[in-house]
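What follows is structure18.tsv (TSV, C-alpha atoms).
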```
chain	number	residue	atom	x	y	z
A	1	MET	CA	-27.36	-8.48	-1.80
A	2	ILE	CA	-27.90	-6.40	1.32
A	3	GLN	CA	-31.17	-5.97	3.19
A	4	VAL	CA	-31.48	-3.73	6.22
A	5	THR	CA	-34.15	-3.87	8.92
A	6	ASP	CA	-34.28	-1.01	11.37
A	7	GLN	CA	-35.91	-1.80	14.69
A	8	GLN	CA	-35.69	0.62	17.59
A	9	ASP	CA	-31.97	1.23	18.11
A	10	THR	CA	-30.83	-1.80	16.14
A	11	ALA	CA	-30.08	-2.11	12.46
A	12	THR	CA	-30.03	-5.69	11.23
A	13	VAL	CA	-28.03	-6.05	8.02
A	14	ARG	CA	-28.68	-9.29	6.21
A	15	ILE	CA	-26.22	-10.13	3.46
A	16	THR	CA	-26.90	-12.88	0.95
A	17	GLY	CA	-24.55	-14.75	-1.40
A	18	ARG	CA	-21.10	-13.32	-1.99
A	19	PHE	CA	-19.96	-10.58	0.36
A	20	ASP	CA	-17.29	-8.93	-1.81
A	21	PHE	CA	-16.23	-5.67	-3.46
A	22	ARG	CA	-19.43	-5.51	-5.49
A	23	LEU	CA	-21.33	-4.65	-2.32
A	24	ILE	CA	-19.15	-1.68	-1.38
A	25	LYS	CA	-21.60	0.90	-2.75
A	26	ASP	CA	-24.58	-0.70	-0.99
A	27	PHE	CA	-22.62	-1.08	2.22
A	28	HIS	CA	-21.63	2.58	2.00
A	29	GLN	CA	-25.32	3.51	1.94
A	30	VAL	CA	-25.95	1.23	4.91
A	31	LEU	CA	-23.25	3.10	6.86
A	32	ALA	CA	-25.25	6.30	6.52
A	33	ARG	CA	-27.44	5.00	9.37
A	34	SER	CA	-26.64	5.69	13.01
A	35	PRO	CA	-28.21	2.95	15.13
A	36	ARG	CA	-26.99	2.11	18.62
A	37	THR	CA	-26.41	-1.55	17.71
A	38	TRP	CA	-25.56	-3.28	14.48
A	39	VAL	CA	-26.40	-6.91	13.79
A	40	ILE	CA	-24.66	-8.26	10.71
A	41	ASP	CA	-26.40	-11.46	9.67
A	42	LEU	CA	-23.96	-13.53	7.62
A	43	SER	CA	-25.87	-16.82	7.77
A	44	ALA	CA	-26.69	-16.62	4.05
A	45	VAL	CA	-23.17	-15.62	2.97
A	46	ASP	CA	-21.13	-18.32	1.27
A	47	TYR	CA	-18.03	-16.32	0.32
A	48	VAL	CA	-16.11	-13.29	1.57
A	49	ASP	CA	-13.06	-11.58	0.11
A	50	SER	CA	-10.70	-9.12	1.77
A	51	SER	CA	-12.95	-6.15	0.91
A	52	ALA	CA	-15.72	-7.69	3.04
A	53	LEU	CA	-13.29	-7.68	5.96
A	54	GLY	CA	-12.41	-4.09	5.07
A	55	MET	CA	-16.10	-3.11	5.14
A	56	LEU	CA	-16.54	-4.74	8.54
A	57	LEU	CA	-13.50	-2.82	9.82
A	58	LEU	CA	-15.03	0.42	8.55
A	59	LEU	CA	-18.19	-0.42	10.45
A	60	ARG	CA	-16.02	-0.98	13.52
A	61	GLU	CA	-14.46	2.45	12.98
A	62	ARG	CA	-17.96	3.86	12.66
A	63	VAL	CA	-18.76	2.75	16.24
A	64	GLN	CA	-15.34	3.91	17.48
A	65	GLY	CA	-14.20	0.36	18.12
A	66	ASP	CA	-17.00	-0.39	20.61
A	67	VAL	CA	-17.33	-4.15	19.94
A	68	GLN	CA	-20.45	-4.37	22.09
A	69	ARG	CA	-22.28	-2.39	19.43
A	70	ILE	CA	-21.66	-4.89	16.62
A	71	ARG	CA	-22.67	-8.55	16.47
A	72	LEU	CA	-21.69	-10.81	13.64
A	73	ARG	CA	-24.29	-13.55	13.40
A	74	GLY	CA	-24.56	-16.88	11.58
A	75	LEU	CA	-20.95	-17.29	10.47
A	76	ARG	CA	-20.21	-20.62	8.83
A	77	GLY	CA	-18.04	-22.26	6.19
A	78	GLN	CA	-15.55	-20.16	4.22
A	79	PRO	CA	-16.60	-16.81	5.76
A	80	ARG	CA	-16.06	-18.22	9.24
A	81	ASP	CA	-12.65	-19.68	8.33
A	82	VAL	CA	-11.51	-16.42	6.72
A	83	LEU	CA	-12.69	-14.24	9.61
A	84	LEU	CA	-10.99	-16.50	12.14
A	85	MET	CA	-7.81	-16.53	10.05
A	86	ALA	CA	-7.87	-12.70	10.12
A	87	LYS	CA	-8.39	-12.88	13.91
A	88	PHE	CA	-11.74	-11.07	13.70
A	89	ASP	CA	-12.86	-13.01	16.76
A	90	ARG	CA	-10.58	-10.64	18.71
A	91	MET	CA	-12.12	-7.53	17.14
A	92	PHE	CA	-15.81	-8.45	16.93
A	93	LYS	CA	-18.41	-10.25	18.94
A	94	LEU	CA	-19.19	-13.43	17.01
A	95	ASP	CA	-22.53	-15.13	17.77
B	1	MET	CA	52.17	-103.29	21.13
B	2	ASN	CA	53.68	-101.74	18.07
B	3	GLU	CA	50.22	-101.30	16.64
B	4	ALA	CA	49.10	-99.52	19.80
B	5	ARG	CA	52.08	-97.18	19.62
B	6	ALA	CA	51.41	-96.54	15.95
B	7	LEU	CA	47.77	-95.80	16.75
B	8	ALA	CA	48.84	-93.49	19.61
B	9	SER	CA	51.26	-91.75	17.28
B	10	TRP	CA	48.54	-91.34	14.63
B	11	ILE	CA	46.09	-90.00	17.24
B	12	ASP	CA	48.80	-87.65	18.50
B	13	ALA	CA	49.34	-86.27	15.00
B	14	ALA	CA	45.60	-86.00	14.39
B	15	LEU	CA	45.09	-84.25	17.70
B	16	ALA	CA	47.89	-81.81	16.91
B	17	LYS	CA	46.06	-80.92	13.72
B	18	VAL	CA	42.73	-80.60	15.53
B	19	ILE	CA	44.34	-78.42	18.21
B	20	ALA	CA	45.84	-76.21	15.52
B	21	ASP	CA	42.43	-75.96	13.80
B	22	VAL	CA	40.77	-75.07	17.08
B	23	ALA	CA	43.43	-72.37	17.65
B	24	ARG	CA	42.75	-71.01	14.15
B	25	ALA	CA	39.01	-71.11	14.83
B	26	ARG	CA	39.60	-69.19	18.05
B	27	ALA	CA	41.64	-66.59	16.21
B	28	LEU	CA	39.04	-66.26	13.46
B	29	LEU	CA	36.24	-66.06	15.98
B	30	SER	CA	38.10	-63.48	18.02
B	31	ASP	CA	38.79	-61.35	14.96
B	32	ALA	CA	35.22	-61.60	13.67
B	33	MET	CA	33.80	-60.84	17.07
B	34	ALA	CA	36.02	-57.83	17.49
B	35	ARG	CA	34.82	-56.48	14.17
B	36	LEU	CA	31.21	-57.29	14.94
B	37	LEU	CA	31.43	-55.59	18.31
B	38	GLN	CA	33.08	-52.59	16.74
B	39	THR	CA	30.41	-52.41	14.02
B	40	PHE	CA	27.52	-52.72	16.45
B	41	SER	CA	29.13	-50.25	18.77
B	42	ARG	CA	29.49	-47.75	15.92
B	43	LEU	CA	25.92	-48.46	14.85
B	44	ARG	CA	24.71	-47.70	18.37
B	45	ASP	CA	26.71	-44.46	18.47
B	46	GLN	CA	25.43	-43.42	15.05
B	47	LEU	CA	21.87	-44.16	16.08
B	48	ALA	CA	22.32	-42.02	19.17
B	49	GLU	CA	23.84	-39.25	17.03
B	50	GLN	CA	21.02	-39.54	14.50
B	51	ARG	CA	18.43	-39.36	17.25
B	52	ALA	CA	20.07	-36.28	18.77
B	53	LEU	CA	20.20	-34.60	15.34
B	54	TYR	CA	16.60	-35.52	14.72
B	55	GLU	CA	15.54	-34.04	18.04
B	56	VAL	CA	17.47	-30.82	17.32
B	57	THR	CA	15.85	-30.59	13.87
B	58	LEU	CA	12.43	-31.14	15.37
B	59	GLU	CA	13.11	-28.40	17.88
B	60	GLU	CA	14.10	-26.05	15.09
B	61	VAL	CA	10.97	-26.91	13.14
B	62	ASN	CA	8.49	-26.90	16.01
B	63	GLY	CA	10.31	-24.55	18.37
B	64	THR	CA	10.45	-24.64	22.13
B	65	GLY	CA	8.54	-22.50	24.56
B	66	ALA	CA	8.32	-18.89	23.36
B	67	ASP	CA	10.32	-19.67	20.22
B	68	GLY	CA	7.84	-21.01	17.68
B	69	GLY	CA	10.54	-22.40	15.38
B	70	LEU	CA	10.09	-22.64	11.62
B	71	VAL	CA	6.41	-23.49	12.05
B	72	GLY	CA	5.94	-20.38	14.18
B	73	VAL	CA	7.71	-18.21	11.60
B	74	LEU	CA	5.52	-19.57	8.80
B	75	ARG	CA	2.36	-19.00	10.83
B	76	ASP	CA	3.54	-15.49	11.65
B	77	VAL	CA	4.27	-14.71	7.98
B	78	LEU	CA	0.81	-15.93	6.97
B	79	SER	CA	-0.83	-14.00	9.77
B	80	ARG	CA	1.03	-10.78	8.90
B	81	PHE	CA	0.14	-11.22	5.24
B	82	VAL	CA	-3.55	-11.57	6.09
B	83	GLN	CA	-3.43	-8.56	8.43
B	84	ASP	CA	-1.73	-6.47	5.74
B	85	MET	CA	-4.25	-7.54	3.12
B	86	VAL	CA	-7.14	-6.65	5.41
B	87	ARG	CA	-5.59	-3.27	6.19
B	88	ILE	CA	-5.05	-2.54	2.49
B	89	SER	CA	-8.61	-3.64	1.73
B	90	SER	CA	-10.02	-1.51	4.50
B	91	SER	CA	-8.19	1.59	3.24
B	92	SER	CA	-9.14	0.80	-0.36
B	93	VAL	CA	-12.81	0.36	0.55
B	94	LYS	CA	-12.68	3.70	2.34
B	95	ILE	CA	-11.12	5.36	-0.75
B	96	MET	CA	-13.75	3.76	-2.98
B	97	MET	CA	-16.53	5.06	-0.77
B	98	GLU	CA	-15.01	8.55	-0.81
B	99	VAL	CA	-14.60	8.38	-4.58
B	100	GLU	CA	-18.23	7.33	-4.96
B	101	SER	CA	-19.28	10.26	-2.77
B	102	LEU	CA	-17.17	12.57	-4.91
B	103	ARG	CA	-18.77	11.19	-8.07
B	104	GLY	CA	-22.20	11.81	-6.56
B	105	HIS	CA	-21.30	15.43	-5.81
B	106	THR	CA	-19.83	15.85	-9.29
B	107	SER	CA	-23.07	14.61	-10.88
B	108	LYS	CA	-25.05	17.06	-8.78
B	109	VAL	CA	-22.79	19.97	-9.80
B	110	ALA	CA	-23.06	18.89	-13.46
B	111	ALA	CA	-26.85	18.88	-13.13
B	112	ARG	CA	-26.70	22.41	-11.73
B	113	GLY	CA	-24.55	23.38	-14.74
B	114	GLN	CA	-27.30	22.14	-17.06
B	115	GLN	CA	-29.77	24.31	-15.16
B	116	ILE	CA	-27.45	27.31	-15.62
B	117	GLU	CA	-27.24	26.58	-19.36
B	118	ARG	CA	-31.04	26.46	-19.59
B	119	ILE	CA	-31.30	29.78	-17.70
B	120	ALA	CA	-28.69	31.31	-20.01
B	121	GLY	CA	-30.70	30.11	-23.03
B	122	THR	CA	-33.88	31.64	-21.62
B	123	THR	CA	-32.00	34.90	-20.82
B	124	ARG	CA	-30.72	35.04	-24.40
B	125	MET	CA	-34.27	34.67	-25.72
B	126	LEU	CA	-35.45	37.44	-23.36
B	127	SER	CA	-32.63	39.78	-24.41
B	128	LEU	CA	-33.50	39.11	-28.05
B	129	ASN	CA	-37.16	39.97	-27.39
B	130	ALA	CA	-36.06	43.09	-25.46
B	131	ARG	CA	-33.88	44.18	-28.39
B	132	ILE	CA	-36.80	43.74	-30.85
B	133	GLU	CA	-39.03	45.83	-28.55
B	134	ALA	CA	-36.35	48.52	-28.18
B	135	GLN	CA	-35.93	48.60	-31.95
B	136	ARG	CA	-39.68	48.98	-32.41
B	137	ILE	CA	-40.00	52.04	-30.17
B	138	GLY	CA	-37.21	53.83	-32.07
B	139	SER	CA	-34.69	56.26	-30.61
B	140	ALA	CA	-36.37	56.15	-27.20
B	141	GLY	CA	-35.39	52.52	-26.90
B	142	ALA	CA	-31.76	52.98	-27.94
B	143	VAL	CA	-30.46	52.61	-24.38
B	144	PHE	CA	-32.58	49.50	-23.82
B	145	ARG	CA	-31.21	48.02	-27.04
B	146	VAL	CA	-27.65	48.42	-25.74
B	147	VAL	CA	-28.62	46.80	-22.41
B	148	ALA	CA	-30.40	43.98	-24.24
B	149	ASP	CA	-27.29	43.35	-26.36
B	150	GLU	CA	-25.08	43.25	-23.23
B	151	ILE	CA	-27.45	40.83	-21.48
B	152	LYS	CA	-27.39	38.63	-24.57
B	153	VAL	CA	-23.56	38.58	-24.53
B	154	LEU	CA	-23.47	37.83	-20.79
B	155	ALA	CA	-26.05	35.06	-21.15
B	156	HIS	CA	-24.08	33.54	-23.98
B	157	GLU	CA	-20.81	33.68	-22.02
B	158	SER	CA	-22.31	32.24	-18.83
B	159	GLY	CA	-23.92	29.47	-20.87
B	160	GLU	CA	-20.62	28.65	-22.57
B	161	LEU	CA	-18.74	28.78	-19.26
B	162	SER	CA	-21.26	26.45	-17.67
B	163	LYS	CA	-20.92	24.07	-20.61
B	164	VAL	CA	-17.11	24.03	-20.22
B	165	ILE	CA	-17.44	23.39	-16.47
B	166	ARG	CA	-19.97	20.58	-17.05
B	167	GLU	CA	-17.70	18.93	-19.63
B	168	ALA	CA	-14.75	19.19	-17.24
B	169	LEU	CA	-16.87	17.63	-14.53
B	170	MET	CA	-17.81	14.77	-16.87
B	171	VAL	CA	-14.12	14.14	-17.56
B	172	GLN	CA	-13.43	14.21	-13.81
B	173	SER	CA	-16.31	11.81	-13.17
B	174	ALA	CA	-14.93	9.38	-15.75
B	175	SER	CA	-11.51	9.68	-14.15
B	176	LEU	CA	-13.00	8.99	-10.71
B	177	ALA	CA	-14.77	5.92	-12.11
B	178	LYS	CA	-11.43	4.63	-13.37
B	179	THR	CA	-9.84	5.34	-9.98
B	180	SER	CA	-12.66	3.47	-8.27
B	181	THR	CA	-12.14	0.45	-10.55
B	182	ALA	CA	-8.39	0.48	-9.93
B	183	VAL	CA	-8.83	0.76	-6.16
B	184	SER	CA	-11.44	-2.02	-6.19
B	185	GLN	CA	-8.71	-4.35	-7.47
B	186	LEU	CA	-6.68	-3.48	-4.38
B	187	ALA	CA	-9.68	-3.84	-2.13
B	188	ALA	CA	-10.74	-7.23	-3.37
B	189	TYR	CA	-8.26	-9.99	-2.67
B	190	ASP	CA	-9.37	-13.58	-2.76
B	191	LEU	CA	-8.29	-15.02	0.59
B	192	ASP	CA	-9.19	-18.59	-0.35
B	193	HIS	CA	-5.63	-19.34	-1.45
B	194	THR	CA	-4.24	-18.00	1.81
B	195	LEU	CA	-6.82	-19.98	3.73
B	196	ALA	CA	-5.87	-23.12	1.79
B	197	SER	CA	-2.17	-22.44	2.55
B	198	GLN	CA	-2.92	-22.13	6.23
B	199	LYS	CA	-4.94	-25.37	6.25
B	200	HIS	CA	-2.16	-27.08	4.31
B	201	LEU	CA	0.40	-25.82	6.81
B	202	ASP	CA	-1.71	-27.07	9.73
B	203	ALA	CA	-2.13	-30.48	8.07
B	204	THR	CA	1.61	-30.70	7.32
B	205	ILE	CA	2.47	-29.79	10.91
B	206	ALA	CA	0.10	-32.48	12.23
B	207	LYS	CA	1.57	-35.02	9.79
B	208	LEU	CA	5.10	-34.00	10.71
B	209	ALA	CA	4.33	-34.36	14.41
B	210	ALA	CA	2.91	-37.87	13.86
B	211	MET	CA	5.86	-38.84	11.67
B	212	SER	CA	8.33	-37.48	14.22
B	213	GLU	CA	6.73	-39.48	16.98
B	214	THR	CA	6.83	-42.65	14.89
B	215	SER	CA	10.41	-42.01	13.75
B	216	LEU	CA	11.61	-41.45	17.31
B	217	GLU	CA	9.88	-44.66	18.39
B	218	ILE	CA	11.54	-46.57	15.54
B	219	LEU	CA	14.93	-45.08	16.41
B	220	ALA	CA	14.46	-46.04	20.05
B	221	ARG	CA	13.53	-49.60	19.02
B	222	VAL	CA	16.56	-49.90	16.70
B	223	GLN	CA	18.78	-48.57	19.48
B	224	ALA	CA	17.36	-51.18	21.86
B	225	GLU	CA	17.97	-53.89	19.23
B	226	ALA	CA	21.57	-52.72	18.80
B	227	ASP	CA	22.06	-52.81	22.56
B	228	ALA	CA	20.62	-56.33	22.70
B	229	ALA	CA	22.85	-57.40	19.81
B	230	LEU	CA	25.91	-56.01	21.60
B	231	GLN	CA	24.97	-57.92	24.71
B	232	ALA	CA	24.34	-61.10	22.72
B	233	LEU	CA	27.76	-60.79	21.06
B	234	GLN	CA	29.39	-61.38	24.43
B	235	PHE	CA	29.09	-65.14	23.72
B	236	GLU	CA	32.60	-64.81	22.30
B	237	ASP	CA	34.01	-65.15	25.80
B	238	MET	CA	31.96	-68.25	26.37
B	239	LEU	CA	33.04	-69.80	23.07
B	240	THR	CA	36.67	-68.88	23.68
B	241	GLN	CA	36.53	-70.54	27.05
B	242	LEU	CA	34.88	-73.63	25.57
B	243	LEU	CA	37.48	-73.82	22.82
B	244	GLN	CA	40.21	-73.41	25.42
B	245	GLU	CA	38.83	-76.30	27.38
B	246	ILE	CA	38.50	-78.43	24.26
B	247	THR	CA	42.15	-77.66	23.49
B	248	GLU	CA	43.19	-78.53	27.01
B	249	LYS	CA	41.29	-81.82	26.87
B	250	LEU	CA	42.81	-82.62	23.54
B	251	GLN	CA	46.25	-81.79	24.93
B	252	VAL	CA	45.63	-84.16	27.83
B	253	VAL	CA	44.68	-86.90	25.37
B	254	GLN	CA	47.71	-85.98	23.32
B	255	GLY	CA	49.91	-86.19	26.44
B	256	ALA	CA	48.47	-89.56	27.31
B	257	CYS	CA	49.09	-90.76	23.76
B	258	ARG	CA	52.68	-89.63	24.02
B	259	SER	CA	53.35	-91.02	27.52
B	260	GLY	CA	51.25	-94.13	27.06
B	261	LYS	CA	49.85	-93.63	30.62
B	262	VAL	CA	46.05	-94.05	30.65
B	263	GLU	CA	45.78	-92.99	34.34
B	264	ASP	CA	46.78	-89.41	33.37
B	265	LEU	CA	43.77	-89.36	31.09
B	266	THR	CA	41.39	-90.67	33.78
B	267	GLU	CA	42.57	-88.17	36.42
B	268	HIS	CA	42.18	-85.29	34.04
B	269	ASP	CA	38.75	-86.47	32.88
B	270	VAL	CA	37.47	-86.27	36.45
B	271	ARG	CA	38.87	-82.77	36.92
B	272	VAL	CA	37.51	-81.49	33.64
B	273	ARG	CA	33.98	-82.73	34.40
B	274	HIS	CA	33.80	-80.35	37.37
B	275	ASP	CA	34.99	-77.38	35.29
B	276	THR	CA	32.54	-77.82	32.43
B	277	VAL	CA	31.00	-74.63	31.22
B	278	THR	CA	27.42	-74.40	32.35
B	279	GLN	CA	26.18	-71.77	29.97
B	280	HIS	CA	24.00	-73.22	27.20
B	281	SER	CA	22.18	-70.21	25.80
B	282	MET	CA	22.63	-66.52	25.20
B	283	GLY	CA	19.53	-65.18	26.88
B	284	ALA	CA	19.82	-61.42	27.30
B	285	GLY	CA	21.70	-60.51	30.47
B	286	SER	CA	22.24	-64.07	31.66
B	287	VAL	CA	25.80	-64.90	30.76
B	288	GLU	CA	26.79	-67.05	33.68
B	289	LEU	CA	30.41	-67.27	32.71
B	290	PHE	CA	31.31	-63.70	33.54
```
Starting from the file, give its structure as structure tokens.
Amino acid sequence: MIQVTDQQDTATVRITGRFDFRLIKDFHQVLARSPRTWVIDLSAVDYVDSSALGMLLLLRERVQGDVQRIRLRGLRGQPRDVLLMAKFDRMFKLD
Amino acid sequence: MNEARALASWIDAALAKVIADVARARALLSDAMARLLQTFSRLRDQLAEQRALYEVTLEEVNGTGADGGLVGVLRDVLSRFVQDMVRISSSSVKIMMEVESLRGHTSKVAARGQQIERIAGTTRMLSLNARIEAQRIGSAGAVFRVVADEIKVLAHESGELSKVIREALMVQSASLAKTSTAVSQLAAYDLDHTLASQKHLDATIAKLAAMSETSLEILARVQAEADAALQALQFEDMLTQLLQEITEKLQVVQGACRSGKVEDLTEHDVRVRHDTVTQHSMGAGSVELF
């Protein structure tokens, strides 16, 4: 499940449960926004598959690779291990 | 006197046998020691060879400096696999999003088609009413009747055309849904197995490193033991010298028995006491004889 909170120039995207291909449609709608900064709260995510990484890369494309504009927050467990394995710590700012 | 000579003769014969036994013992000892030394020497060489091979193997597995070795290659393969999967997923997600957008547009166009069909239906009804009115006013409405008939035909055709387009769009929408499902299978790859493989690889590398360290330590200890054994085996010289002295002493006694001169024995006894071997143990590196 995806919940979005827009505050000033920041969109906080809170994802809950499994972050996988079933959220592609919802994530697509989220990408319709144009905030200055994106905060992706993954503290309530317990599983990610490769499509979740793909979605995050699309978000990165959306901000033209400006890593300062995206913050991945609350990574833990399997999602953290998978993102580190994919070297996302070199492409995103991890809180 | 005869008894003394007989005793001396018996001792002489006995001593000759003892001297021969001692000589045989020396030969046996010498042969055994040579083989032992050779065996231990080979063992030491093989241990050194084994250690060198082990170190080369470890280098090939772990690599040196910029070369990551087998471990590096495996890590690289895993890393490339993950990168490729993420790239494929990213492209697939993008395609799925585009397909969903296309499906949305298709639905909107289909809805417009339904509107066109409704308008065509209404137009047909109007043309029918117009024809009835034209019929009612007689010959004056003949032209209007023709126009009403044409409008009816056009409305019917546009309605039919719209229906065909809407049906085609529905087929396309279903096809896009199938495409989306197929692409979603490309987009969604469970990375848990890859993650488990990486963790397993890390654990194996750590275990291998610990085992290598222990094995090298064991090899070094065995090598040290072999060296110590080789050093300890040098007691052969000491034993040979002792046996030589025993033989010499026995020969002196034998000579005295043969000559019957006891003073020869006494003189020799004094000399031998000063030459006695002083080594009593084989402590490592303390062979005093050499």
| request: May I have the residues within 6 Å of Ser51 (chain A) as JSON, numbers by chain, using all atoms listed in the file and disregarding those fewer than 4 positions away in the same chain? | output: {"A": [20, 21], "B": [89, 187, 188]}
| task | Extract, using all atoms listed in the file, all DNA, RNA and protein residues at most 9 Å from Arg71 (chain A), discarding same-chain residues fewer than 4 positions from it, and format them as a list in words. | result |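 In the requested form, the answer reads Thr37, Trp38, Val39, Ile40, Asp41, Val67, Phe92, Lys93, Leu94 and Asp95 of chain A.
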| task | Using all atoms listed in the file, determine which residues lie at most 10 Å from Arg62 (chain A), disregarding the query and same-chain residues fewer than 3 positions distant; provide the list as an NGL selection string. | result | :A and (31-32 or 34 or 56-59 or 65-66)
| said: Nearest residue to chain A out of B:Ser90, B:Ser215, B:Ser259, B:Gln241, using only C-alpha atoms? | reply: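 Among the listed residues, B:Ser90 lies closest to chain A.
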| field | Within 9 Å of chain B: residues of chain A, using all atoms listed in the file, as an MDAnalysis selection string | value | chainID A and resid 20:22 24:25 28 48:58 78 81:82 85:87
When you look at region 62-66 of chain B with a cut-off of 12 Å (counting all atoms listed in the file), what residues show up, excluding the ones that are within fewer than 6 positions of it in the same chain? I need them as a PDB file with C-alpha atoms, in the frame of the given file.
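Output saved as result_2.pdb:
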```
ATOM      1  CA  TYR B  54      16.600 -35.520  14.720  1.00  0.00           C
ATOM      2  CA  GLU B  55      15.540 -34.040  18.040  1.00  0.00           C
ATOM      3  CA  VAL B  56      17.470 -30.820  17.320  1.00  0.00           C
ATOM      4  CA  GLY B  72       5.940 -20.380  14.180  1.00  0.00           C
ATOM      5  CA  VAL B  73       7.710 -18.210  11.600  1.00  0.00           C
ATOM      6  CA  LEU B  74       5.520 -19.570   8.800  1.00  0.00           C
ATOM      7  CA  ARG B  75       2.360 -19.000  10.830  1.00  0.00           C
ATOM      8  CA  ASP B 202      -1.710 -27.070   9.730  1.00  0.00           C
ATOM      9  CA  THR B 204       1.610 -30.700   7.320  1.00  0.00           C
ATOM     10  CA  ILE B 205       2.470 -29.790  10.910  1.00  0.00           C
ATOM     11  CA  ALA B 206       0.100 -32.480  12.230  1.00  0.00           C
ATOM     12  CA  LEU B 208       5.100 -34.000  10.710  1.00  0.00           C
ATOM     13  CA  ALA B 209       4.330 -34.360  14.410  1.00  0.00           C
ATOM     14  CA  SER B 212       8.330 -37.480  14.220  1.00  0.00           C
TER      15      SER B 212
END
```
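Here CA of Ala20 (chain B) and CA of Thr247 (chain B) stand 8.9 Å from one another.
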| request: Fewer than 3 positions away in the same chain doesn't count, so skip those; otherwise give me all residues within 9 Å of Ser43 (chain A), counting all atoms listed in the file, as a PyMOL selection string. | output: chain A and resi 14-16+46+73-76
| query | If you measure from CA of Val171 (chain B) to CA of Gln114 (chain B), what distance in Å do you get, rounded to one decimal? | reply |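 Distance between the two atoms: 15.4 Å.
Relative to CA of His105 (chain B), CA of Gln64 (chain A) is found at 26.7 Å.
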| B:Arg145, B:His156, B:Arg131, B:Lys163: which is nearest Gly113 (chain B), counting all atoms listed in the file? |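 Closest residue, counting all atoms listed in the file: B:Lys163.
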